[in-house]
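Heads up, data.cif below (mmCIF, C-alpha atoms):
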```
data_coords
loop_
_atom_site.group_PDB
_atom_site.id
_atom_site.type_symbol
_atom_site.label_atom_id
_atom_site.label_comp_id
_atom_site.auth_asym_id
_atom_site.auth_seq_id
_atom_site.Cartn_x
_atom_site.Cartn_y
_atom_site.Cartn_z
ATOM 1 C CA MET H 26 -72.751 -33.962 -22.340
ATOM 2 C CA LEU H 27 -73.086 -30.964 -24.617
ATOM 3 C CA LEU H 28 -76.400 -30.056 -22.987
ATOM 4 C CA GLU H 29 -74.764 -30.291 -19.561
ATOM 5 C CA ALA H 30 -71.919 -27.977 -20.599
ATOM 6 C CA LEU H 31 -74.263 -25.445 -22.187
ATOM 7 C CA SER H 32 -76.614 -25.500 -19.195
ATOM 8 C CA ALA H 33 -73.724 -25.150 -16.753
ATOM 9 C CA SER H 34 -72.318 -22.202 -18.719
ATOM 10 C CA ILE H 35 -75.656 -20.407 -18.682
ATOM 11 C CA LEU H 36 -76.111 -21.168 -14.982
ATOM 12 C CA GLY H 37 -72.633 -19.838 -14.168
ATOM 13 C CA LEU H 38 -73.255 -16.709 -16.205
ATOM 14 C CA VAL H 39 -76.563 -16.068 -14.435
ATOM 15 C CA LEU H 40 -75.009 -16.605 -11.001
ATOM 16 C CA ALA H 41 -72.100 -14.304 -11.814
ATOM 17 C CA TRP H 42 -74.399 -11.627 -13.220
ATOM 18 C CA ALA H 43 -76.608 -11.786 -10.125
ATOM 19 C CA ALA H 44 -73.597 -11.546 -7.824
ATOM 20 C CA ALA H 45 -72.135 -8.627 -9.774
ATOM 21 C CA ARG H 46 -75.468 -6.831 -9.723
ATOM 22 C CA ARG H 47 -76.141 -7.487 -6.026
ATOM 23 C CA LEU H 48 -72.626 -6.842 -4.668
ATOM 24 C CA PRO H 49 -70.889 -4.386 -7.011
ATOM 25 C CA HIS H 50 -69.036 -2.687 -4.150
ATOM 26 C CA ARG H 51 -67.492 -5.943 -2.933
ATOM 27 C CA LEU H 52 -66.550 -7.527 -6.276
ATOM 28 C CA PRO H 53 -64.003 -6.501 -8.903
ATOM 29 C CA ASP H 54 -65.026 -5.418 -12.387
ATOM 30 C CA ARG H 55 -67.564 -7.540 -14.286
ATOM 31 C CA VAL H 56 -64.883 -8.368 -16.848
ATOM 32 C CA LEU H 57 -63.399 -10.682 -14.210
ATOM 33 C CA VAL H 58 -66.579 -11.777 -12.414
ATOM 34 C CA LEU H 59 -68.549 -13.119 -15.385
ATOM 35 C CA PRO H 60 -65.846 -15.445 -16.782
ATOM 36 C CA THR H 61 -65.056 -16.675 -13.266
ATOM 37 C CA GLY H 62 -68.677 -17.739 -12.780
ATOM 38 C CA VAL H 63 -68.775 -19.534 -16.119
ATOM 39 C CA ALA H 64 -65.409 -21.250 -15.595
ATOM 40 C CA GLY H 65 -66.392 -22.357 -12.102
ATOM 41 C CA ALA H 66 -69.661 -23.780 -13.369
ATOM 42 C CA LEU H 67 -67.965 -25.655 -16.195
ATOM 43 C CA PHE H 68 -65.378 -27.078 -13.823
ATOM 44 C CA GLY H 69 -68.074 -28.059 -11.346
ATOM 45 C CA ALA H 70 -70.074 -29.762 -14.081
ATOM 46 C CA PHE H 71 -66.978 -31.624 -15.231
ATOM 47 C CA VAL H 72 -66.111 -32.829 -11.726
ATOM 48 C CA THR H 73 -69.694 -33.834 -10.952
ATOM 49 C CA HIS H 74 -70.116 -35.621 -14.277
ATOM 50 C CA THR H 75 -66.826 -37.455 -13.744
ATOM 51 C CA ALA H 76 -67.774 -38.500 -10.207
ATOM 52 C CA LEU H 77 -71.345 -39.564 -10.929
ATOM 53 C CA GLY H 78 -71.123 -40.654 -14.536
ATOM 54 C CA ALA H 79 -74.287 -40.264 -16.570
ATOM 55 C CA GLY H 80 -76.358 -39.615 -13.451
ATOM 56 C CA GLY H 81 -78.615 -36.982 -14.954
ATOM 57 C CA LEU H 82 -78.704 -33.281 -15.580
ATOM 58 C CA LEU H 83 -79.911 -32.090 -12.168
ATOM 59 C CA PRO H 84 -76.982 -33.395 -10.075
ATOM 60 C CA VAL H 85 -74.520 -32.001 -12.606
ATOM 61 C CA LEU H 86 -76.165 -28.586 -12.456
ATOM 62 C CA LEU H 87 -76.156 -28.670 -8.646
ATOM 63 C CA GLY H 88 -72.437 -29.395 -8.678
ATOM 64 C CA ALA H 89 -71.891 -26.655 -11.241
ATOM 65 C CA ALA H 90 -73.799 -24.140 -9.139
ATOM 66 C CA ALA H 91 -71.870 -25.074 -5.999
ATOM 67 C CA VAL H 92 -68.437 -24.716 -7.583
ATOM 68 C CA SER H 93 -69.453 -21.535 -9.406
ATOM 69 C CA ALA H 94 -70.674 -19.956 -6.174
ATOM 70 C CA ALA H 95 -67.503 -21.043 -4.387
ATOM 71 C CA SER H 96 -65.267 -19.551 -7.071
ATOM 72 C CA LEU H 97 -67.247 -16.305 -7.045
ATOM 73 C CA SER H 98 -66.945 -16.106 -3.275
ATOM 74 C CA LEU H 99 -63.165 -16.083 -3.650
ATOM 75 C CA LEU H 100 -63.440 -12.749 -5.457
ATOM 76 C CA LEU H 101 -65.275 -11.000 -2.614
ATOM 77 C CA ARG H 102 -63.442 -8.190 -0.889
ATOM 78 C CA PRO H 103 -64.019 -7.496 2.801
ATOM 79 C CA GLU H 104 -66.657 -4.951 3.604
ATOM 80 C CA ARG H 105 -65.260 -1.668 4.792
ATOM 81 C CA LEU H 106 -66.395 -0.653 8.222
ATOM 82 C CA ARG H 107 -67.491 2.883 8.796
ATOM 83 C CA ARG H 108 -65.751 4.374 11.779
ATOM 84 C CA ARG H 109 -67.114 7.315 13.644
ATOM 85 C CA SER H 110 -64.687 9.966 14.595
ATOM 86 C CA ALA H 111 -64.117 10.754 18.241
ATOM 87 C CA THR H 112 -65.388 14.295 17.751
ATOM 88 C CA ALA H 113 -68.793 13.292 16.397
#
```
Before anything else, please render the file you have as structure tokens.
Amino acid sequence: MLLEALSASILGLVLAWAAARRLPHRLPDRVLVLPTGVAGALFGAFVTHTALGAGGLLPVLLGAAAVSAASLSLLLRPERLRRRSATA
């Protein structure tokens, strides 16, 4: 279980870092994004491990990645549309 938690934390951190690097204009500051990814991954690993039992590392990491991505998607701000003025 310790290996699952450590792997899920690293996976959540990597996902959050990639999201913050790819979408900096649509996400808040990294101080909020990185812990959200890790917390989502840990929660996802916990839920998956509880549902499946000792089913293996891969299903737990898939559940961790899914919940981490879902929690990071809640931080996304809408993209601002560029409007052309009527005079242009």
Compare H:Leu99, H:Ala91, H:Val39, H:Leu28 by their minimum atom-to-atom distance to Val63 in chain H, counting only C-alpha atoms, and give me the closest one.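 Ranking H:Leu99, H:Ala91, H:Val39, H:Leu28 by distance to Val63 in chain H, first place goes to H:Val39.
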Work out how far CA of Leu87 in chain H is from CA of Trp42 in chain H, in Å to one decimal. 17.7 Å
Evaluate the PyMOL selection byres ((chain H and resi 97) around 8) on the structure here and hand back the selected residues as a ChimeraX atom specification. /H:41,44,58,61-62,65,93-96,98-101
Of the candidates H:Leu77, H:Leu59, H:Ala90, H:Leu82, which shows the shortest atom-to-atom distance to Leu27 in chain H, using all atoms listed in the file? H:Leu82
Please, what distance in Å, to one decimal, runs between CA of Leu36 in chain H and CA of Pro103 in chain H?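 Between these atoms lies a distance of 25.5 Å.
Residues matched by the PyMOL selection byres ((chain H and resi 85) around 6) in this file: Ala70, Thr73, His74, Leu82, Leu83, Pro84, Leu86, Leu87 and Gly88 of chain H.
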Test item: residues at most 7 Å from Leu52 in chain H, only C-alpha atoms, excluding those fewer than 2 positions along its chain, as a list in words: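 What passes the distance filter is Ala45, Leu48, Pro49, His50, Asp54, Leu100, Leu101 and Arg102 of chain H.
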CA of Arg47 in chain H and CA of Ser32 in chain H, how far apart in Å?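 The value is 22.3 Å.
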Edge lengths and centre in Å, axis-aligned, range 61-77 of chain H plus 6 Å each side, as AutoDock Vina command-line options:
```
--center_x -68.2 --center_y -28.1 --center_z -13.2 --size_x 18.3 --size_y 34.9 --size_z 18.0
```
Given all atoms listed in the file as the counted atoms, nearest of H:Val56, H:Gly81, H:Val92, H:Ala30 to Gly69 in chain H: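 The closest residue to Gly69 in chain H is H:Val92.
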